[in-house]
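> Coordinates in my_file20.pdb, PDB, C-alpha atoms, are listed below.
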```pdb
MODEL        1
ATOM      1  CA  MET P   1      27.191  -3.418   9.667
ATOM      2  CA  THR P   2      27.090  -6.806   7.966
ATOM      3  CA  VAL P   3      25.233  -7.506   4.750
ATOM      4  CA  ASP P   4      22.613  -9.487   6.692
ATOM      5  CA  GLU P   5      21.976  -6.594   9.060
ATOM      6  CA  ALA P   6      21.784  -4.187   6.169
ATOM      7  CA  GLU P   7      19.345  -6.494   4.375
ATOM      8  CA  GLY P   8      17.254  -6.770   7.559
ATOM      9  CA  ARG P   9      17.088  -3.026   7.767
ATOM     10  CA  LEU P  10      16.006  -2.762   4.146
ATOM     11  CA  ASP P  11      13.333  -5.399   4.809
ATOM     12  CA  ARG P  12      11.966  -3.405   7.748
ATOM     13  CA  ALA P  13      11.976  -0.110   5.911
ATOM     14  CA  PHE P  14      10.235  -1.542   2.861
ATOM     15  CA  ALA P  15       7.756  -3.420   5.082
ATOM     16  CA  ALA P  16       6.962  -0.116   6.773
ATOM     17  CA  LEU P  17       6.237   1.425   3.384
ATOM     18  CA  ALA P  18       4.072  -1.495   2.262
ATOM     19  CA  ASP P  19       0.982   0.259   3.583
ATOM     20  CA  PRO P  20      -1.019   3.012   1.842
ATOM     21  CA  VAL P  21      -1.647   5.006   5.038
ATOM     22  CA  ARG P  22       2.036   5.033   5.965
ATOM     23  CA  ARG P  23       3.003   6.039   2.430
ATOM     24  CA  ALA P  24       0.499   8.895   2.646
ATOM     25  CA  LEU P  25       2.061   9.947   5.961
ATOM     26  CA  VAL P  26       5.540   9.905   4.419
ATOM     27  CA  ALA P  27       4.235  11.932   1.457
ATOM     28  CA  ARG P  28       2.690  14.474   3.823
ATOM     29  CA  LEU P  29       5.911  14.721   5.852
ATOM     30  CA  SER P  30       7.943  15.271   2.682
ATOM     31  CA  ARG P  31       6.221  18.672   2.537
ATOM     32  CA  GLY P  32       7.180  19.587   6.112
ATOM     33  CA  ASP P  33       7.087  18.508   9.757
ATOM     34  CA  ALA P  34       3.703  17.769  11.318
ATOM     35  CA  THR P  35       2.273  16.633  14.644
ATOM     36  CA  VAL P  36       0.243  13.458  15.024
ATOM     37  CA  ASN P  37      -2.930  15.566  15.241
ATOM     38  CA  GLU P  38      -2.124  17.321  11.999
ATOM     39  CA  LEU P  39      -1.247  14.038  10.332
ATOM     40  CA  ALA P  40      -4.471  12.379  11.518
ATOM     41  CA  GLU P  41      -6.724  15.127  10.152
ATOM     42  CA  PRO P  42      -7.225  13.933   6.553
ATOM     43  CA  PHE P  43      -7.765  10.311   7.593
ATOM     44  CA  SER P  44     -10.977   8.699   8.775
ATOM     45  CA  ILE P  45      -9.103   6.476  11.211
ATOM     46  CA  THR P  46      -8.425   7.185  14.882
ATOM     47  CA  LYS P  47      -5.541   9.232  16.202
ATOM     48  CA  GLN P  48      -4.377   6.097  18.022
ATOM     49  CA  ALA P  49      -4.157   4.218  14.732
ATOM     50  CA  ILE P  50      -2.158   7.069  13.189
ATOM     51  CA  SER P  51       0.113   7.021  16.249
ATOM     52  CA  ARG P  52       0.801   3.348  15.691
ATOM     53  CA  HIS P  53       1.632   3.940  12.023
ATOM     54  CA  ILE P  54       4.028   6.697  13.125
ATOM     55  CA  GLN P  55       5.718   4.264  15.494
ATOM     56  CA  VAL P  56       6.238   1.773  12.657
ATOM     57  CA  LEU P  57       7.815   4.448  10.456
ATOM     58  CA  GLU P  58       9.963   5.609  13.369
ATOM     59  CA  ALA P  59      11.124   2.056  14.164
ATOM     60  CA  ALA P  60      12.046   1.568  10.507
ATOM     61  CA  GLY P  61      14.279   4.629  10.665
ATOM     62  CA  LEU P  62      12.246   6.591   8.144
ATOM     63  CA  ILE P  63      11.105   9.393  10.435
ATOM     64  CA  THR P  64      12.254  10.971  13.680
ATOM     65  CA  ARG P  65      10.320  12.844  16.359
ATOM     66  CA  SER P  66      11.727  15.856  18.134
ATOM     67  CA  ARG P  67      10.649  17.550  21.330
ATOM     68  CA  ASP P  68       9.295  21.021  20.794
ATOM     69  CA  GLY P  69       7.649  21.997  24.058
ATOM     70  CA  GLN P  70       4.352  20.131  24.288
ATOM     71  CA  ARG P  71       4.447  19.280  20.602
ATOM     72  CA  ARG P  72       6.344  16.316  19.231
ATOM     73  CA  PRO P  73       6.444  16.999  15.506
ATOM     74  CA  CYS P  74       7.342  14.165  13.141
ATOM     75  CA  HIS P  75      10.205  14.769  10.774
ATOM     76  CA  LEU P  76      11.057  12.944   7.574
ATOM     77  CA  ASP P  77      14.749  12.884   6.786
ATOM     78  CA  PRO P  78      15.103  12.777   2.988
ATOM     79  CA  ALA P  79      18.534  11.147   3.403
ATOM     80  CA  ALA P  80      16.853   8.131   5.016
ATOM     81  CA  LEU P  81      14.694   7.620   1.940
ATOM     82  CA  GLU P  82      17.667   8.196  -0.318
ATOM     83  CA  ALA P  83      19.644   5.510   1.507
ATOM     84  CA  LEU P  84      16.769   3.127   0.790
ATOM     85  CA  THR P  85      17.011   3.531  -2.944
ATOM     86  CA  SER P  86      20.744   4.054  -3.379
ATOM     87  CA  TRP P  87      21.393   0.294  -3.390
ATOM     88  CA  ILE P  88      19.374   0.077  -6.592
ATOM     89  CA  ASP P  89      21.772   2.515  -8.229
ATOM     90  CA  THR P  90      24.901   0.695  -7.122
ATOM     91  CA  TYR P  91      24.946  -1.504 -10.211
ATOM     92  CA  ARG P  92      24.853   1.634 -12.326
ATOM     93  CA  LEU P  93      27.618   3.295 -10.279
ATOM     94  CA  GLU P  94      29.815   0.233 -10.701
ATOM     95  CA  VAL P  95      29.279   0.113 -14.471
ATOM     96  CA  GLU P  96      29.901   3.853 -14.797
ATOM     97  CA  ARG P  97      33.130   3.653 -12.788
ATOM     98  CA  ARG P  98      34.345   0.876 -15.091
ATOM     99  CA  HIS P  99      33.499   2.974 -18.134
ATOM    100  CA  ARG P 100      35.394   5.956 -16.736
ATOM    101  CA  ARG P 101      38.447   3.749 -16.234
ATOM    102  CA  LEU P 102      38.116   2.580 -19.849
ATOM    103  CA  ASP P 103      37.875   6.268 -20.873
ATOM    104  CA  ALA P 104      41.204   6.861 -19.111
ATOM    105  CA  VAL P 105      42.853   3.841 -20.745
ATOM    106  CA  LEU P 106      41.628   4.958 -24.181
ATOM    107  CA  GLU P 107      42.993   8.429 -23.582
ATOM    108  CA  GLU P 108      46.423   7.089 -22.682
ATOM    109  CA  MET P 109      46.599   4.748 -25.660
ATOM    110  CA  GLU P 110      48.654   5.969 -28.561
ATOM    111  CA  ASP P 111      46.780   6.795 -31.718
ATOM    112  CA  GLN P 112      47.042   4.240 -34.421
TER
ATOM    113  CA  MET F 113      31.615  11.937 -19.191
ATOM    114  CA  ASN F 114      29.299  10.159 -21.615
ATOM    115  CA  PRO F 115      26.100   8.811 -20.091
ATOM    116  CA  THR F 116      25.566   5.091 -19.575
ATOM    117  CA  THR F 117      22.149   3.697 -20.435
ATOM    118  CA  ILE F 118      21.181   0.596 -18.453
ATOM    119  CA  THR F 119      17.974  -1.220 -19.319
ATOM    120  CA  ALA F 120      16.780  -4.136 -17.186
ATOM    121  CA  PRO F 121      13.025  -4.603 -17.702
ATOM    122  CA  PRO F 122      11.354  -6.275 -14.704
ATOM    123  CA  GLY F 123      10.477  -9.925 -15.256
ATOM    124  CA  THR F 124      13.069 -10.473 -18.002
ATOM    125  CA  PRO F 125      16.519 -12.151 -17.783
ATOM    126  CA  PHE F 126      18.187  -9.313 -19.735
ATOM    127  CA  ILE F 127      20.438  -6.366 -18.987
ATOM    128  CA  ASP F 128      21.365  -3.960 -21.774
ATOM    129  CA  VAL F 129      24.163  -1.459 -21.280
ATOM    130  CA  VAL F 130      24.908   1.191 -23.913
ATOM    131  CA  ARG F 131      27.750   3.702 -23.715
ATOM    132  CA  GLU F 132      29.677   5.823 -26.224
ATOM    133  CA  PHE F 133      33.433   6.360 -26.045
ATOM    134  CA  GLU F 134      35.508   9.211 -27.439
ATOM    135  CA  ALA F 135      37.874   6.917 -29.312
ATOM    136  CA  SER F 136      38.008   4.997 -32.575
ATOM    137  CA  ARG F 137      36.501   1.543 -32.793
ATOM    138  CA  THR F 138      40.016   0.135 -33.318
ATOM    139  CA  LYS F 139      41.158   1.587 -30.002
ATOM    140  CA  VAL F 140      38.070   0.551 -28.059
ATOM    141  CA  PHE F 141      38.331  -2.973 -29.377
ATOM    142  CA  ARG F 142      42.019  -3.173 -28.510
ATOM    143  CA  ALA F 143      41.358  -1.857 -24.987
ATOM    144  CA  SER F 144      38.714  -4.600 -24.666
ATOM    145  CA  THR F 145      40.919  -7.465 -25.822
ATOM    146  CA  ASP F 146      44.569  -6.687 -24.955
ATOM    147  CA  PRO F 147      45.099  -8.348 -21.539
ATOM    148  CA  GLU F 148      47.382  -5.596 -20.267
ATOM    149  CA  LEU F 149      44.852  -2.917 -21.121
ATOM    150  CA  VAL F 150      41.861  -4.937 -19.895
ATOM    151  CA  ALA F 151      43.528  -5.396 -16.505
ATOM    152  CA  ARG F 152      43.576  -1.639 -16.091
ATOM    153  CA  TRP F 153      39.838  -1.056 -16.249
ATOM    154  CA  LEU F 154      37.876  -4.280 -15.770
ATOM    155  CA  GLY F 155      38.314  -4.640 -11.998
ATOM    156  CA  PRO F 156      35.836  -2.910  -9.707
ATOM    157  CA  ARG F 157      36.842  -0.037  -7.485
ATOM    158  CA  GLU F 158      39.901  -0.329  -5.288
ATOM    159  CA  LEU F 159      40.057  -4.098  -5.651
ATOM    160  CA  GLU F 160      43.281  -5.694  -6.761
ATOM    161  CA  MET F 161      42.917  -7.278 -10.180
ATOM    162  CA  ASP F 162      44.695 -10.517 -11.030
ATOM    163  CA  LEU F 163      44.145 -11.394 -14.678
ATOM    164  CA  HIS F 164      45.078 -15.069 -15.107
ATOM    165  CA  SER F 165      44.254 -15.274 -18.778
ATOM    166  CA  TYR F 166      42.445 -13.237 -21.399
ATOM    167  CA  ASP F 167      42.566 -14.920 -24.769
ATOM    168  CA  ALA F 168      40.015 -12.879 -26.710
ATOM    169  CA  ARG F 169      39.746 -15.084 -29.769
ATOM    170  CA  THR F 170      36.888 -17.331 -30.900
ATOM    171  CA  GLY F 171      37.203 -20.406 -28.671
ATOM    172  CA  GLY F 172      39.553 -18.678 -26.225
ATOM    173  CA  SER F 173      38.940 -18.320 -22.519
ATOM    174  CA  TYR F 174      39.514 -15.879 -19.711
ATOM    175  CA  GLY F 175      39.788 -15.892 -15.937
ATOM    176  CA  TYR F 176      40.505 -13.253 -13.338
ATOM    177  CA  VAL F 177      40.393 -12.750  -9.587
ATOM    178  CA  HIS F 178      39.530  -9.629  -7.632
ATOM    179  CA  ARG F 179      41.101  -9.376  -4.195
ATOM    180  CA  ASP F 180      40.020  -6.870  -1.555
ATOM    181  CA  ALA F 181      42.156  -5.370   1.220
ATOM    182  CA  ALA F 182      40.993  -8.103   3.639
ATOM    183  CA  GLY F 183      42.268 -10.790   1.263
ATOM    184  CA  ASN F 184      38.830 -11.957   0.119
ATOM    185  CA  GLU F 185      38.907 -13.292  -3.422
ATOM    186  CA  TYR F 186      36.233 -13.072  -6.089
ATOM    187  CA  ALA F 187      36.943 -15.230  -9.116
ATOM    188  CA  PHE F 188      35.352 -14.965 -12.548
ATOM    189  CA  ARG F 189      35.793 -16.982 -15.725
ATOM    190  CA  GLY F 190      34.295 -17.601 -19.108
ATOM    191  CA  VAL F 191      34.928 -18.442 -22.746
ATOM    192  CA  PHE F 192      34.898 -16.351 -25.886
ATOM    193  CA  HIS F 193      32.265 -17.998 -28.077
ATOM    194  CA  THR F 194      32.676 -15.562 -30.975
ATOM    195  CA  VAL F 195      35.164 -12.772 -31.543
ATOM    196  CA  VAL F 196      34.784 -10.739 -34.732
ATOM    197  CA  PRO F 197      37.533  -8.093 -34.540
ATOM    198  CA  GLU F 198      36.201  -4.573 -34.065
ATOM    199  CA  GLU F 199      32.632  -5.757 -34.482
ATOM    200  CA  ARG F 200      31.341  -8.228 -31.962
ATOM    201  CA  ILE F 201      32.260 -10.364 -28.961
ATOM    202  CA  VAL F 202      30.012 -13.101 -27.601
ATOM    203  CA  GLN F 203      31.312 -14.481 -24.317
ATOM    204  CA  THR F 204      30.134 -16.385 -21.271
ATOM    205  CA  PHE F 205      30.506 -15.098 -17.722
ATOM    206  CA  GLU F 206      30.479 -17.014 -14.454
ATOM    207  CA  TYR F 207      31.175 -15.860 -10.902
ATOM    208  CA  ALA F 208      32.765 -18.623  -8.825
ATOM    209  CA  GLY F 209      30.547 -17.580  -5.900
ATOM    210  CA  ALA F 210      27.486 -18.593  -7.938
ATOM    211  CA  PRO F 211      28.701 -21.667  -9.824
ATOM    212  CA  ASP F 212      26.733 -22.832 -12.876
ATOM    213  CA  VAL F 213      24.909 -19.530 -13.179
ATOM    214  CA  VAL F 214      26.380 -18.671 -16.557
ATOM    215  CA  SER F 215      25.335 -15.557 -18.399
ATOM    216  CA  VAL F 216      26.099 -14.688 -22.023
ATOM    217  CA  ASP F 217      27.283 -11.222 -23.042
ATOM    218  CA  CYS F 218      26.952 -10.055 -26.629
ATOM    219  CA  THR F 219      28.925  -6.842 -27.142
ATOM    220  CA  THR F 220      28.814  -4.867 -30.381
ATOM    221  CA  TYR F 221      31.220  -2.112 -31.376
ATOM    222  CA  GLU F 222      29.553   0.517 -33.546
ATOM    223  CA  ASP F 223      31.718   2.976 -35.484
ATOM    224  CA  LEU F 224      30.326   6.500 -35.064
ATOM    225  CA  GLY F 225      33.140   8.111 -37.056
ATOM    226  CA  GLY F 226      36.005   8.532 -34.608
ATOM    227  CA  ARG F 227      33.727   7.693 -31.710
ATOM    228  CA  THR F 228      32.427   4.283 -30.726
ATOM    229  CA  ARG F 229      29.165   3.010 -29.296
ATOM    230  CA  LEU F 230      29.482  -0.067 -27.111
ATOM    231  CA  HIS F 231      26.317  -2.087 -26.582
ATOM    232  CA  THR F 232      26.341  -5.121 -24.294
ATOM    233  CA  HIS F 233      23.284  -7.357 -24.196
ATOM    234  CA  THR F 234      23.470  -9.846 -21.323
ATOM    235  CA  VAL F 235      21.213 -12.891 -21.066
ATOM    236  CA  PHE F 236      20.977 -14.693 -17.707
ATOM    237  CA  PRO F 237      19.694 -18.257 -17.249
ATOM    238  CA  SER F 238      16.703 -16.964 -15.272
ATOM    239  CA  VAL F 239      14.987 -13.785 -14.126
ATOM    240  CA  GLU F 240      16.102 -14.652 -10.579
ATOM    241  CA  ALA F 241      19.750 -14.881 -11.668
ATOM    242  CA  ARG F 242      19.450 -11.533 -13.436
ATOM    243  CA  ASP F 243      17.921  -9.885 -10.365
ATOM    244  CA  ALA F 244      20.590 -11.420  -8.125
ATOM    245  CA  ALA F 245      23.320 -10.078 -10.401
ATOM    246  CA  LEU F 246      21.789  -6.609 -10.248
ATOM    247  CA  ALA F 247      21.728  -6.798  -6.454
ATOM    248  CA  SER F 248      24.914  -8.757  -5.698
ATOM    249  CA  GLY F 249      28.472  -7.577  -5.881
ATOM    250  CA  MET F 250      26.427  -4.611  -4.853
ATOM    251  CA  GLU F 251      26.437  -5.850  -1.284
ATOM    252  CA  HIS F 252      29.061  -3.276  -0.495
ATOM    253  CA  GLY F 253      26.683  -0.609  -1.734
ATOM    254  CA  ILE F 254      23.852  -1.904   0.412
ATOM    255  CA  VAL F 255      25.986  -1.887   3.541
ATOM    256  CA  GLU F 256      27.311   1.544   2.659
ATOM    257  CA  SER F 257      23.860   3.005   2.207
ATOM    258  CA  MET F 258      22.564   1.279   5.325
ATOM    259  CA  ASP F 259      25.457   2.700   7.309
ATOM    260  CA  ARG F 260      24.320   6.111   6.122
ATOM    261  CA  LEU F 261      20.779   5.271   7.136
ATOM    262  CA  ASP F 262      22.220   4.232  10.478
ATOM    263  CA  GLU F 263      23.660   7.688  10.965
ATOM    264  CA  VAL F 264      20.365   9.279   9.991
ATOM    265  CA  ALA F 265      18.198   7.059  12.147
ATOM    266  CA  GLY F 266      20.738   6.868  14.970
ATOM    267  CA  GLY F 267      21.534   3.538  16.574
ATOM    268  CA  ASP F 268      20.019   0.122  16.168
ATOM    269  CA  LEU F 269      16.473  -0.232  15.059
ATOM    270  CA  PRO F 270      14.060  -2.294  17.124
ATOM    271  CA  LEU F 271      11.906  -4.852  15.379
ATOM    272  CA  LEU F 272       8.685  -3.570  13.950
ATOM    273  CA  PRO F 273       5.889  -3.442  16.511
ATOM    274  CA  GLU F 274       2.732  -5.409  15.813
ATOM    275  CA  ASP F 275       0.590  -3.525  13.394
ATOM    276  CA  ASP F 276      -3.026  -4.668  13.288
ATOM    277  CA  ASP F 277      -4.712  -1.614  11.845
TER
ENDMDL
END
```
Written as structure tokens, how would this file's structure read?


Amino acid sequence: MTVDEAEGRLDRAFAALADPVRRALVARLSRGDATVNELAEPFSITKQAISRHIQVLEAAGLITRSRDGQRRPCHLDPAALEALTSWIDTYRLEVERRHRRLDAVLEEMEDQ
Amino acid sequence: MNPTTITAPPGTPFIDVVREFEASRTKVFRASTDPELVARWLGPRELEMDLHSYDARTGGSYGYVHRDAAGNEYAFRGVFHTVVPEERIVQTFEYAGAPDVVSVDCTTYEDLGGRTRLHTHTVFPSVEARDAALASGMEHGIVESMDRLDEVAGGDLPLLPEDDD
């Protein structure tokens, strides 16, 4: 994947989360799988509207839907969310790697 | 491993990095200024490090190139504005890929009695430049994490459908 594609994917995932209803759905799914009916329950909007929000989250790669007989429960993969934030930590990882290399150099240096 | 503290308050052009090392201030300073030693830790990851110069004296300059396996080169250069041995280094930093975006690093070496606290305060010319620095060079990380997301989500993602709710 190129940087542009990766950036595009980040854009889509963050756009999908730029909505309070979809964030609430993600929060609900973080506690366990749920069907569209179950997800729609606490909201005062239609099941169709919830379905559309689910589609947006699915298209952004944040949730998956499995087939379980008649049910199609929605599933949040924590790794997908983790991948979204790990780029923020990359600066830290880079700095920490450099510091560990400096640790090694210091250890090898003769005492003076 | 000692923890690294990174502070980059939103809306400011600053990054502060603080880290303690299990070595005397003399050693840490030498490892930060002796070109042969610097070449061993300054380069990122698996990249090849080509240190052209590293004259860590007040008024001196430095330049180095990182080369990846594909032969791509990333060049950096700057000058040492102030070097007070074992106490403080003020230097400029410029990535050739973003010419004229020059940041200033002020690094202090604090003697903790056999151990040393390194504190680098970096000032960028703008908040945008600071944010870009936090995100760039990190492109590899973005692609890496997106490749993982790829595996999780499985295959290419379609564009977002219209959402008019």

> Evaluating the PyMOL selection byres ((chain P) within 9 of (chain F)) on the displayed file yields which residues, as a ChimeraX atom specification?

/P:1-7,9-10,12,15-16,49,52-53,55-64,77,79-92,94-107,109-112

> I'd like the contact shell of Ala187 (chain F) - 9 Å cut-off, all atoms listed in the file, skipping same-chain residues fewer than 6 positions apart - returned as a ChimeraX atom specification.

/F:175-179,206-209

> Taking 4 positions as the minimum chain separation for residues in the same chain, which residues sit within 8 Å of Thr170 (chain F) when counting all atoms listed in the file? Answer as a PDB file with C-alpha atoms, in the frame of the given file.


```pdb
ATOM      1  CA  PHE F 192      34.898 -16.351 -25.886  1.00  0.00           C
ATOM      2  CA  HIS F 193      32.265 -17.998 -28.077  1.00  0.00           C
ATOM      3  CA  THR F 194      32.676 -15.562 -30.975  1.00  0.00           C
ATOM      4  CA  VAL F 195      35.164 -12.772 -31.543  1.00  0.00           C
ATOM      5  CA  VAL F 196      34.784 -10.739 -34.732  1.00  0.00           C
TER       6      VAL F 196
END
```

> Rounded to one decimal place, report the CA of Ala241 (chain F)-CA of Thr119 (chain F) distance in Å.

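We find that CA of Ala241 (chain F) and CA of Thr119 (chain F) lie 15.8 Å from each other.
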
> Decode the PyMOL selection byres ((chain F and resi 190) around 12) for the given file into explicit residues and return them as a CSV table (one decimal) with C-alpha atoms, in the coordinates of the input.


```csv
chain,number,residue,atom,x,y,z
F,164,HIS,CA,45.1,-15.1,-15.1
F,165,SER,CA,44.3,-15.3,-18.8
F,166,TYR,CA,42.4,-13.2,-21.4
F,167,ASP,CA,42.6,-14.9,-24.8
F,168,ALA,CA,40.0,-12.9,-26.7
F,171,GLY,CA,37.2,-20.4,-28.7
F,172,GLY,CA,39.6,-18.7,-26.2
F,173,SER,CA,38.9,-18.3,-22.5
F,174,TYR,CA,39.5,-15.9,-19.7
F,175,GLY,CA,39.8,-15.9,-15.9
F,176,TYR,CA,40.5,-13.3,-13.3
F,187,ALA,CA,36.9,-15.2,-9.1
F,188,PHE,CA,35.4,-15.0,-12.5
F,189,ARG,CA,35.8,-17.0,-15.7
F,191,VAL,CA,34.9,-18.4,-22.7
F,192,PHE,CA,34.9,-16.4,-25.9
F,193,HIS,CA,32.3,-18.0,-28.1
F,202,VAL,CA,30.0,-13.1,-27.6
F,203,GLN,CA,31.3,-14.5,-24.3
F,204,THR,CA,30.1,-16.4,-21.3
F,205,PHE,CA,30.5,-15.1,-17.7
F,206,GLU,CA,30.5,-17.0,-14.5
F,207,TYR,CA,31.2,-15.9,-10.9
F,208,ALA,CA,32.8,-18.6,-8.8
F,211,PRO,CA,28.7,-21.7,-9.8
F,212,ASP,CA,26.7,-22.8,-12.9
F,213,VAL,CA,24.9,-19.5,-13.2
F,214,VAL,CA,26.4,-18.7,-16.6
F,215,SER,CA,25.3,-15.6,-18.4
F,216,VAL,CA,26.1,-14.7,-22.0
F,217,ASP,CA,27.3,-11.2,-23.0
```

> Given 8 Å on each side, where is the centre and what are the edge lengths in Å to one decimal of the axis-aligned box enclosing the listed atoms of region 146-149 of chain F, as JSON?


```
{"center_x": 46.0, "center_y": -5.6, "center_z": -22.6, "size_x": 18.8, "size_y": 21.4, "size_z": 20.7}
```

> Could you tell me how far CA of Thr219 (chain F) sits from CA of His233 (chain F), in Å to one decimal place?

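Computing the Euclidean distance for CA of His233 (chain F) and CA of Thr219 (chain F) yields 6.4 Å.
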